[in-house]
$ cat target_27.cif   # mmCIF, C-alpha atoms
data_model
#
loop_
_atom_site.label_atom_id
_atom_site.label_comp_id
_atom_site.auth_asym_id
_atom_site.auth_seq_id
_atom_site.Cartn_x
_atom_site.Cartn_y
_atom_site.Cartn_z
CA MET A 243 6.19 -6.17 -29.16
CA GLU A 244 5.84 -2.69 -27.71
CA THR A 245 8.21 -0.63 -25.61
CA GLY A 246 7.07 0.78 -22.29
CA THR A 247 8.05 1.92 -18.82
CA VAL A 248 7.36 0.00 -15.62
CA ILE A 249 5.36 2.39 -13.43
CA GLY A 250 4.23 0.09 -10.62
CA GLN A 251 4.56 -3.32 -9.05
CA HIS A 252 2.37 -5.60 -6.96
CA ARG A 253 4.12 -8.85 -6.09
CA GLU A 254 4.97 -10.56 -9.42
CA THR A 255 2.74 -8.33 -11.57
CA TYR A 256 4.01 -5.06 -13.07
CA ALA A 257 2.11 -2.07 -14.40
CA VAL A 258 3.65 -0.98 -17.71
CA ARG A 259 2.77 2.23 -19.54
CA LEU A 260 3.21 1.68 -23.28
CA ASP A 261 4.99 4.42 -25.23
CA GLU A 262 2.94 4.45 -28.42
CA SER A 263 -0.61 4.21 -27.08
CA GLY A 264 -0.12 5.46 -23.52
CA ARG A 265 -2.13 2.47 -22.30
CA GLU A 266 -1.32 0.84 -18.98
CA VAL A 267 -1.11 -2.96 -19.05
CA ALA A 268 -0.51 -5.54 -16.34
CA ALA A 269 2.47 -7.71 -17.23
CA GLN A 270 4.51 -10.55 -15.83
CA LEU A 271 7.91 -11.99 -16.65
CA ARG A 272 8.09 -15.15 -18.66
CA TYR A 273 8.60 -18.16 -16.38
CA TRP A 274 12.10 -18.99 -17.52
CA GLU A 275 13.26 -15.41 -17.07
CA ALA A 276 11.74 -15.24 -13.60
CA ALA A 277 13.54 -18.46 -12.60
CA GLN A 278 16.82 -17.12 -13.98
CA ASP A 279 16.24 -13.91 -12.03
CA SER A 280 15.76 -15.87 -8.79
CA ARG A 281 19.08 -17.66 -9.27
CA ARG A 282 20.82 -14.37 -10.06
CA ARG A 283 19.52 -12.80 -6.86
CA GLU A 284 20.94 -15.70 -4.86
CA GLU A 285 24.32 -15.21 -6.54
CA LEU A 286 24.27 -11.51 -5.72
CA SER A 287 23.33 -12.26 -2.12
CA ARG A 288 26.34 -14.55 -1.76
CA ASP A 289 28.83 -12.32 -3.57
CA GLY A 290 27.66 -8.99 -2.21
CA GLU A 291 28.46 -7.32 -5.52
CA ASN A 292 26.98 -4.03 -6.66
CA ILE A 293 25.41 -5.48 -9.81
CA ALA A 294 21.93 -4.54 -10.96
CA ALA A 295 20.10 -7.86 -10.78
CA GLN A 296 17.77 -8.60 -13.66
CA GLN A 297 14.69 -8.28 -11.52
CA VAL A 298 12.15 -5.87 -12.92
CA ALA A 299 12.04 -2.51 -11.13
CA VAL A 300 9.90 0.60 -11.39
CA GLY A 301 11.48 2.87 -14.00
CA ASP A 302 12.71 -0.02 -16.15
CA ARG A 303 12.33 0.24 -19.90
CA VAL A 304 10.91 -3.06 -21.13
CA GLN A 305 9.73 -4.85 -24.26
CA VAL A 306 6.21 -6.20 -23.81
CA SER A 307 4.03 -8.56 -25.83
CA GLU A 308 0.33 -9.15 -25.20
CA ASP A 309 -1.33 -12.56 -25.05
CA GLY A 310 -4.68 -11.41 -26.48
CA ALA A 311 -6.45 -11.71 -23.15
CA GLY A 312 -5.35 -8.36 -21.79
CA GLN A 313 -2.27 -9.73 -20.09
CA GLY A 314 1.18 -8.43 -20.97
CA ILE A 315 4.38 -10.46 -20.97
CA ILE A 316 7.72 -8.78 -20.31
CA GLU A 317 10.05 -10.23 -22.92
CA GLN A 318 13.13 -8.07 -22.32
CA ILE A 319 14.54 -5.49 -19.90
CA GLU A 320 16.55 -2.78 -21.61
CA GLU A 321 19.92 -1.68 -20.27
CA ARG A 322 19.62 0.69 -17.32
CA ARG A 323 21.14 4.18 -17.18
CA THR A 324 21.11 4.24 -13.38
CA VAL A 325 19.96 1.99 -10.57
CA LEU A 326 19.06 2.49 -6.92
CA GLY A 327 19.56 -0.73 -4.99
CA ARG A 328 20.07 -2.00 -1.49
CA LYS A 329 20.90 -5.17 0.38
CA SER A 330 18.07 -6.32 2.61
CA GLY A 331 18.46 -7.38 6.23
CA LYS A 332 18.97 -10.81 7.77
CA ARG A 333 15.25 -11.60 7.58
CA PHE A 334 15.48 -11.61 3.78
CA GLN A 335 18.93 -13.24 3.64
CA TYR A 336 20.74 -10.03 2.70
CA ARG A 337 19.49 -10.19 -0.87
CA TYR A 338 20.19 -7.38 -3.30
CA GLN A 339 17.02 -5.50 -4.26
CA VAL A 340 16.64 -3.00 -7.06
CA LEU A 341 14.33 -0.25 -5.78
CA ALA A 342 14.20 1.89 -8.93
CA ALA A 343 15.82 2.16 -12.34
CA ASN A 344 16.71 4.95 -14.78
CA ALA A 345 16.13 7.79 -12.32
CA ASP A 346 18.19 11.00 -12.43
CA GLN A 347 18.26 11.80 -8.74
CA LEU A 348 17.40 10.60 -5.25
CA ALA A 349 15.58 12.79 -2.74
CA VAL A 350 16.08 11.54 0.83
CA VAL A 351 13.18 12.72 3.01
CA VAL A 352 13.77 13.18 6.75
CA SER A 353 11.76 14.68 9.60
CA ARG A 354 11.50 14.85 13.37
CA PRO A 355 11.64 13.43 15.97
CA ARG A 356 14.78 11.57 14.86
CA ILE A 357 16.88 12.39 11.84
CA ALA A 358 18.90 9.23 11.29
CA VAL A 359 22.31 10.30 10.00
CA GLY A 360 23.41 6.71 9.37
CA PHE A 361 20.39 6.10 7.15
CA ILE A 362 20.99 9.33 5.25
CA ASP A 363 24.62 8.39 4.60
CA ARG A 364 23.63 4.98 3.27
CA CYS A 365 21.03 6.47 0.92
CA LEU A 366 23.45 9.09 -0.39
CA LEU A 367 26.15 6.47 -0.97
CA ALA A 368 23.66 4.16 -2.72
CA ALA A 369 22.69 7.05 -5.00
CA ARG A 370 26.27 7.76 -5.96
CA LEU A 371 27.04 4.06 -6.47
CA GLY A 372 24.08 3.81 -8.82
CA GLY A 373 24.72 7.01 -10.77
CA LEU A 374 22.00 9.22 -9.23
CA GLN A 375 22.45 12.77 -7.97
CA PRO A 376 21.37 13.07 -4.31
CA LEU A 377 19.48 15.79 -2.47
CA LEU A 378 18.04 16.06 1.03
CA VAL A 379 14.49 17.09 1.97
CA ALA A 380 13.93 18.10 5.61
CA ASN A 381 10.15 17.85 5.94
CA LYS A 382 7.59 18.89 8.59
CA VAL A 383 9.03 22.34 9.30
CA ASP A 384 5.53 23.17 10.59
CA ILE A 385 6.19 20.79 13.51
CA ASP A 386 9.89 21.59 13.91
CA PRO A 387 10.63 25.18 12.76
CA GLU A 388 14.34 24.69 13.43
CA VAL A 389 14.69 21.51 11.37
CA GLY A 390 16.84 23.24 8.76
CA GLU A 391 19.36 24.31 11.42
CA ARG A 392 19.62 20.97 13.15
CA PRO A 393 23.22 19.70 13.11
CA GLU A 394 22.01 16.51 11.39
CA VAL A 395 20.80 18.60 8.44
CA ARG A 396 23.33 21.43 8.49
CA VAL A 397 26.28 19.03 8.11
CA TYR A 398 25.09 18.00 4.64
CA ARG A 399 24.44 21.56 3.53
CA ASP A 400 27.98 22.46 4.64
CA LEU A 401 29.27 19.58 2.50
CA GLY A 402 27.54 21.03 -0.56
CA LEU A 403 24.47 18.77 -0.75
CA PRO A 404 21.28 20.51 -1.96
CA VAL A 405 18.91 20.75 1.04
CA HIS A 406 15.20 21.65 0.81
CA ILE A 407 13.16 22.62 3.89
CA THR A 408 9.48 21.73 3.41
CA SER A 409 6.09 21.32 4.99
CA ALA A 410 3.60 19.17 3.10
CA LEU A 411 0.87 20.42 5.44
CA GLU A 412 1.45 24.15 4.92
CA GLY A 413 3.09 24.06 1.48
CA THR A 414 6.35 25.59 2.68
CA GLY A 415 9.23 25.08 0.25
CA LEU A 416 7.19 23.09 -2.25
CA ASP A 417 7.72 25.56 -5.11
CA GLU A 418 11.49 25.32 -4.70
CA LEU A 419 11.39 21.54 -4.37
CA GLY A 420 9.10 21.25 -7.38
CA GLU A 421 11.57 23.27 -9.44
CA ALA A 422 14.39 20.89 -8.41
CA LEU A 423 12.28 17.94 -9.57
CA ARG A 424 10.91 19.49 -12.78
CA GLY A 425 11.91 17.69 -15.94
CA ARG A 426 13.78 14.96 -14.09
CA SER A 427 13.04 11.48 -12.77
CA THR A 428 13.40 11.45 -8.98
CA VAL A 429 13.22 8.66 -6.42
CA LEU A 430 11.73 9.56 -3.03
CA CYS A 431 13.25 7.58 -0.18
CA GLY A 432 12.94 7.84 3.57
CA LEU A 433 12.15 6.09 6.80
CA SER A 434 8.51 5.31 7.56
CA GLY A 435 6.49 8.30 8.68
CA THR A 436 8.67 11.10 7.29
CA GLY A 437 5.80 12.48 5.18
CA LYS A 438 6.83 11.20 1.75
CA SER A 439 3.27 10.39 0.72
CA SER A 440 2.01 13.81 1.86
CA LEU A 441 4.75 15.54 -0.11
CA LEU A 442 3.99 13.44 -3.17
CA ALA A 443 0.28 14.25 -2.98
CA ARG A 444 1.03 17.98 -2.92
CA LEU A 445 3.59 17.77 -5.73
CA THR A 446 1.52 15.60 -8.07
CA GLY A 447 -2.00 16.74 -7.19
CA GLU A 448 -3.08 13.10 -7.01
CA GLU A 449 -5.11 11.34 -4.35
CA ILE A 450 -2.52 9.39 -2.39
CA ARG A 451 -3.29 7.61 0.86
CA VAL A 452 -1.64 9.40 3.79
CA GLY A 453 -1.18 7.97 7.28
CA ASP A 454 -2.36 9.67 10.45
CA VAL A 455 0.17 11.70 12.41
CA ARG A 456 0.78 10.50 15.96
CA ARG A 457 1.18 12.84 18.92
CA THR A 458 4.94 12.51 18.61
CA GLY A 459 4.81 14.06 15.15
CA THR A 460 5.66 10.80 13.42
CA GLY A 461 3.44 9.32 10.75
CA LYS A 462 2.45 5.81 9.81
CA GLN A 463 3.88 3.97 6.83
CA THR A 464 1.42 4.13 3.93
CA THR A 465 3.52 3.26 0.87
CA VAL A 466 3.82 -0.52 0.50
CA SER A 467 5.20 -0.79 -3.05
CA CYS A 468 7.03 1.37 -5.58
CA ARG A 469 5.02 3.52 -7.97
CA LEU A 470 5.92 6.12 -10.60
CA TYR A 471 3.90 9.36 -10.71
CA GLN A 472 3.98 12.12 -13.32
CA LEU A 473 4.56 15.71 -12.21
CA PRO A 474 2.26 18.39 -13.68
CA ALA A 475 5.21 20.61 -14.69
CA GLY A 476 7.13 17.73 -16.25
CA GLY A 477 9.24 14.96 -14.84
CA SER A 478 8.30 12.06 -12.61
CA VAL A 479 8.66 10.80 -9.06
CA ILE A 480 9.12 7.20 -7.94
CA ASP A 481 7.73 6.68 -4.46
CA THR A 482 9.34 3.86 -2.46
CA PRO A 483 8.14 2.08 0.69
CA GLY A 484 9.62 3.24 3.98
CA VAL A 485 12.65 1.06 4.70
CA ARG A 486 14.52 0.30 7.91
CA VAL A 487 17.55 -1.55 6.53
CA PHE A 488 19.62 -0.04 3.71
CA GLY A 489 22.58 -2.29 3.13
CA LEU A 490 25.20 -1.29 0.58
CA ALA A 491 26.70 -3.63 -2.00
CA GLY A 492 29.98 -2.96 -3.76
CA LEU A 493 31.04 -0.04 -1.56
CA THR A 494 34.80 0.57 -1.56
CA GLU A 495 36.91 2.46 0.96
CA VAL A 496 37.77 5.03 -1.72
CA GLU A 497 34.09 5.87 -2.23
CA LEU A 498 33.46 5.80 1.49
CA ARG A 499 36.29 8.22 2.30
CA ALA A 500 35.13 10.61 -0.42
CA HIS A 501 31.69 10.74 1.20
CA PHE A 502 33.15 11.45 4.66
CA SER A 503 35.68 14.01 3.48
CA GLU A 504 35.48 16.19 6.62
CA ILE A 505 36.44 13.21 8.81
CA VAL A 506 39.17 11.94 6.49
CA GLU A 507 40.84 15.37 6.36
CA LEU A 508 41.01 15.53 10.15
CA ALA A 509 42.15 11.90 10.41
CA ALA A 510 45.36 12.85 8.59
CA GLY A 511 46.41 14.50 11.88
CA CYS A 512 45.89 11.39 14.05
CA GLY A 513 48.89 9.90 15.83
CA PHE A 514 48.29 6.45 14.28
CA ARG A 515 47.74 5.73 10.59
CA ASP A 516 45.24 2.96 11.39
CA CYS A 517 43.40 5.01 14.01
CA THR A 518 39.79 3.90 14.52
CA HIS A 519 38.88 7.19 16.25
CA SER A 520 37.44 5.29 19.18
CA HIS A 521 40.10 4.84 21.89
CA GLU A 522 43.57 5.66 20.52
CA PRO A 523 45.64 8.50 22.03
CA ASP A 524 46.44 11.60 19.97
CA CYS A 525 43.30 11.21 17.83
CA ALA A 526 42.53 14.35 15.82
CA VAL A 527 38.98 13.19 15.14
CA ARG A 528 38.17 12.73 18.83
CA ARG A 529 39.66 16.16 19.57
CA ALA A 530 37.42 17.70 16.91
CA LEU A 531 34.40 15.98 18.45
CA GLU A 532 35.26 17.36 21.90
CA GLN A 533 35.55 20.85 20.39
CA GLY A 534 32.18 20.53 18.63
CA LEU A 535 33.75 20.66 15.17
CA LEU A 536 32.33 17.32 14.05
CA LEU A 537 28.94 15.64 14.31
CA GLU A 538 29.30 12.47 16.40
CA ASP A 539 26.58 10.66 14.43
CA ARG A 540 28.65 11.15 11.26
CA VAL A 541 31.73 9.65 12.92
CA THR A 542 29.66 6.68 14.14
CA SER A 543 28.22 6.20 10.66
CA TYR A 544 31.71 6.33 9.13
CA GLN A 545 33.12 3.81 11.60
CA LYS A 546 30.29 1.35 11.01
CA LEU A 547 30.55 1.55 7.21
CA LEU A 548 34.32 1.26 7.38
CA ARG A 549 33.97 -1.98 9.35
CA GLU A 550 31.49 -3.27 6.74
CA CYS A 551 33.97 -2.48 3.95
CA ALA A 552 36.73 -4.30 5.82
CA GLY A 553 34.48 -7.30 6.35
CA HIS A 554 33.82 -7.64 2.59
CA ARG A 555 37.46 -7.64 1.46
#

$ encode --input "target_27.cif" --output "structure tokens"
Amino acid sequence: METGTVIGQHRETYAVRLDESGREVAAQLRYWEAAQDSRRREELSRDGENIAAQQVAVGDRVQVSEDGAGQGIIEQIEERRTVLGRKSGKRFQYRYQVLAANADQLAVVVSRPRIAVGFIDRCLLAARLGGLQPLLVANKVDIDPEVGERPEVRVYRDLGLPVHITSALEGTGLDELGEALRGRSTVLCGLSGTGKSSLLARLTGEEIRVGDVRRTGTGKQTTVSCRLYQLPAGGSVIDTPGVRVFGLAGLTEVELRAHFSEIVELAAGCGFRDCTHSHEPDCAVRRALEQGLLLEDRVTSYQKLLRECAGHR
């Protein structure tokens, strides 16, 4: 058997780059392992636990044998250092899906016309739950020159999150972003049309299919499966498909409150200990919102995630 890294996936077939020879082979799981994996996913879906299911993911370190006909067989998945996972939506029965394994950091890419704070919060929490360091990339500054000063971006910078302002079209900020990615394994994540593929093409120098930009400034989704790309200066990037639903598994109120520290600090001044910050009198959070000291989208995101935590007790 040889050791390698999973660098791509198409349905039940995985592209594995072998360590010793550098060859890329197509490989599949053995049948019994795949069946076991299916049962495990169902268990995770029912329990809602933050456990890395033994489904193969891009970034996984695996042991591979070859059948002599050019087909590889994944015999074993090595223990993961980190994992980025999500729970899918109702359409896919809320199953837990591993998006990427063994990455060092997660870069959340956002752009106009709508910067979805709730989505950003979920991605950042998923990164921390899985052991990845998060950063934010505000793309398409060529279309929206003020994107870096938007409240939806500034709030994260004020909280200490690294924020990079970029334009894949003009090359703005790519040197700084490239330095943040150099020598590390990074997952790119974002809603469809934020320009992830364009950024990746500029950073890697590879030919990557890019969707047309509509008149609104939004792009079309072009990434349909995960793929690992090498960076010329060292390091790698795992590109993920644009996602709409990013459910969290295993999130606790302690972790949630740590992420929303600016809201929790103000909530200590509310008149009721169990204040929901929606209708109660003497609410310090609502006062801060009225005074423009808090971003309302962050409060909405916090309230929704808090309800999800309460529902999973």

$ closest_atom_pairs --input "target_27.cif" --of "segment 300-402 of chain A" --to "segment 421-443 of chain A" --cutoff "8 Å" --atoms "only C-alpha atoms" --output "JSON lines"
{"residue": "A:Ala342", "atom": "CA", "partner": "A:Val429", "partner_atom": "CA", "distance": 7.3}
{"residue": "A:Asn344", "atom": "CA", "partner": "A:Ser427", "partner_atom": "CA", "distance": 7.8}
{"residue": "A:Ala345", "atom": "CA", "partner": "A:Ser427", "partner_atom": "CA", "distance": 4.8}
{"residue": "A:Asp346", "atom": "CA", "partner": "A:Ser427", "partner_atom": "CA", "distance": 5.2}
{"residue": "A:Gln347", "atom": "CA", "partner": "A:Thr428", "partner_atom": "CA", "distance": 4.9}
{"residue": "A:Leu348", "atom": "CA", "partner": "A:Val429", "partner_atom": "CA", "distance": 4.8}
{"residue": "A:Ala349", "atom": "CA", "partner": "A:Leu430", "partner_atom": "CA", "distance": 5.0}
{"residue": "A:Val350", "atom": "CA", "partner": "A:Cys431", "partner_atom": "CA", "distance": 5.0}
{"residue": "A:Val351", "atom": "CA", "partner": "A:Gly432", "partner_atom": "CA", "distance": 4.9}
{"residue": "A:Val352", "atom": "CA", "partner": "A:Thr436", "partner_atom": "CA", "distance": 5.5}
{"residue": "A:Ser353", "atom": "CA", "partner": "A:Thr436", "partner_atom": "CA", "distance": 5.3}
{"residue": "A:Arg354", "atom": "CA", "partner": "A:Thr436", "partner_atom": "CA", "distance": 7.7}
{"residue": "A:Cys365", "atom": "CA", "partner": "A:Cys431", "partner_atom": "CA", "distance": 7.9}
{"residue": "A:Asn381", "atom": "CA", "partner": "A:Gly437", "partner_atom": "CA", "distance": 7.0}
{"residue": "A:Lys382", "atom": "CA", "partner": "A:Gly437", "partner_atom": "CA", "distance": 7.5}

$ resolve_selection --input "target_27.cif" --expression "the PyMOL selection byres ((chain A and resi 247-253) around 10)" --output "ChimeraX atom specification"
/A:245-246,254-261,266-270,298-306,316,319,342-343,466-472,480-481

$ write_last_selection --input "target_27.cif" --atoms "C-alpha atoms" --output "short mmCIF file (atom, residue, chain, number, x, y, z; two decimals), in the frame of the given file"
data_model
loop_
_atom_site.label_atom_id
_atom_site.label_comp_id
_atom_site.auth_asym_id
_atom_site.auth_seq_id
_atom_site.Cartn_x
_atom_site.Cartn_y
_atom_site.Cartn_z
CA THR A 245 8.21 -0.63 -25.61
CA GLY A 246 7.07 0.78 -22.29
CA GLU A 254 4.97 -10.56 -9.42
CA THR A 255 2.74 -8.33 -11.57
CA TYR A 256 4.01 -5.06 -13.07
CA ALA A 257 2.11 -2.07 -14.40
CA VAL A 258 3.65 -0.98 -17.71
CA ARG A 259 2.77 2.23 -19.54
CA LEU A 260 3.21 1.68 -23.28
CA ASP A 261 4.99 4.42 -25.23
CA GLU A 266 -1.32 0.84 -18.98
CA VAL A 267 -1.11 -2.96 -19.05
CA ALA A 268 -0.51 -5.54 -16.34
CA ALA A 269 2.47 -7.71 -17.23
CA GLN A 270 4.51 -10.55 -15.83
CA VAL A 298 12.15 -5.87 -12.92
CA ALA A 299 12.04 -2.51 -11.13
CA VAL A 300 9.90 0.60 -11.39
CA GLY A 301 11.48 2.87 -14.00
CA ASP A 302 12.71 -0.02 -16.15
CA ARG A 303 12.33 0.24 -19.90
CA VAL A 304 10.91 -3.06 -21.13
CA GLN A 305 9.73 -4.85 -24.26
CA VAL A 306 6.21 -6.20 -23.81
CA ILE A 316 7.72 -8.78 -20.31
CA ILE A 319 14.54 -5.49 -19.90
CA ALA A 342 14.20 1.89 -8.93
CA ALA A 343 15.82 2.16 -12.34
CA VAL A 466 3.82 -0.52 0.50
CA SER A 467 5.20 -0.79 -3.05
CA CYS A 468 7.03 1.37 -5.58
CA ARG A 469 5.02 3.52 -7.97
CA LEU A 470 5.92 6.12 -10.60
CA TYR A 471 3.90 9.36 -10.71
CA GLN A 472 3.98 12.12 -13.32
CA ILE A 480 9.12 7.20 -7.94
CA ASP A 481 7.73 6.68 -4.46
#

$ atom_distance --input "target_27.cif" --atom1 "atom CA of Thr446 of chain A" --atom2 "atom CA of His406 of chain A"
17.4 Å

$ atom_distance --input "target_27.cif" --atom1 "atom CA of Cys512 of chain A" --atom2 "atom CA of Arg370 of chain A"
28.3 Å

$ atom_distance --input "target_27.cif" --atom1 "atom CA of Gly373 of chain A" --atom2 "atom CA of Val359 of chain A"
21.2 Å

$ resolve_selection --input "target_27.cif" --expression "the PyMOL selection byres ((chain A and resi 339) around 6)" --output "list in words"
Gly327, Arg328, Tyr338 and Val340 of chain A

$ closest_residue --input "target_27.cif" --among "A:Ile315, A:Leu537, A:Leu493, A:Leu445" --to "Tyr398 of chain A" --atoms "all atoms listed in the file"
A:Leu537

$ residues_around --input "target_27.cif" --residues "segment 500-505 of chain A" --least-positions-apart "6" --cutoff "9 Å" --atoms "only C-alpha atoms" --output "list in words"
Asp363, Leu366, Leu367, Leu401, Val527, Leu536, Arg540, Val541 and Tyr544 of chain A

$ closest_residue --input "target_27.cif" --among "A:Gly314, A:Glu394, A:Ile357, A:Cys551" --to "Leu271 of chain A" --atoms "all atoms listed in the file"
A:Gly314

$ resolve_selection --input "target_27.cif" --expression "the PyMOL selection byres ((chain A and resi 546-548) around 10)" --output "VMD selection string"
chain A and resid 360 363 to 364 489 to 490 493 to 495 498 to 499 518 540 to 545 549 to 553

$ residues_around --input "target_27.cif" --residues "Val395 of chain A" --least-positions-apart "3" --cutoff "10 Å" --atoms "all atoms listed in the file" --output "PDB file with C-alpha atoms, in the coordinates of the input"
ATOM      1  CA  VAL A 352      13.770  13.180   6.750  1.00  0.00           C
ATOM      2  CA  SER A 353      11.760  14.680   9.600  1.00  0.00           C
ATOM      3  CA  ILE A 357      16.880  12.390  11.840  1.00  0.00           C
ATOM      4  CA  ALA A 358      18.900   9.230  11.290  1.00  0.00           C
ATOM      5  CA  VAL A 359      22.310  10.300  10.000  1.00  0.00           C
ATOM      6  CA  ILE A 362      20.990   9.330   5.250  1.00  0.00           C
ATOM      7  CA  LEU A 378      18.040  16.060   1.030  1.00  0.00           C
ATOM      8  CA  VAL A 379      14.490  17.090   1.970  1.00  0.00           C
ATOM      9  CA  ALA A 380      13.930  18.100   5.610  1.00  0.00           C
ATOM     10  CA  VAL A 389      14.690  21.510  11.370  1.00  0.00           C
ATOM     11  CA  GLY A 390      16.840  23.240   8.760  1.00  0.00           C
ATOM     12  CA  GLU A 391      19.360  24.310  11.420  1.00  0.00           C
ATOM     13  CA  ARG A 392      19.620  20.970  13.150  1.00  0.00           C
ATOM     14  CA  TYR A 398      25.090  18.000   4.640  1.00  0.00           C
ATOM     15  CA  ARG A 399      24.440  21.560   3.530  1.00  0.00           C
ATOM     16  CA  ASP A 400      27.980  22.460   4.640  1.00  0.00           C
ATOM     17  CA  LEU A 403      24.470  18.770  -0.750  1.00  0.00           C
ATOM     18  CA  VAL A 405      18.910  20.750   1.040  1.00  0.00           C
ATOM     19  CA  HIS A 406      15.200  21.650   0.810  1.00  0.00           C
ATOM     20  CA  ILE A 407      13.160  22.620   3.890  1.00  0.00           C
TER      21      ILE A 407
END

$ closest_residue --input "target_27.cif" --among "A:Leu535, A:Ser307, A:Gly413, A:His521" --to "Arg444 of chain A" --atoms "only C-alpha atoms"
A:Gly413

$ closest_residue --input "target_27.cif" --among "A:Asp417, A:Gly372, A:Pro523, A:Pro355" --to "Glu388 of chain A" --atoms "only C-alpha atoms"
A:Pro355
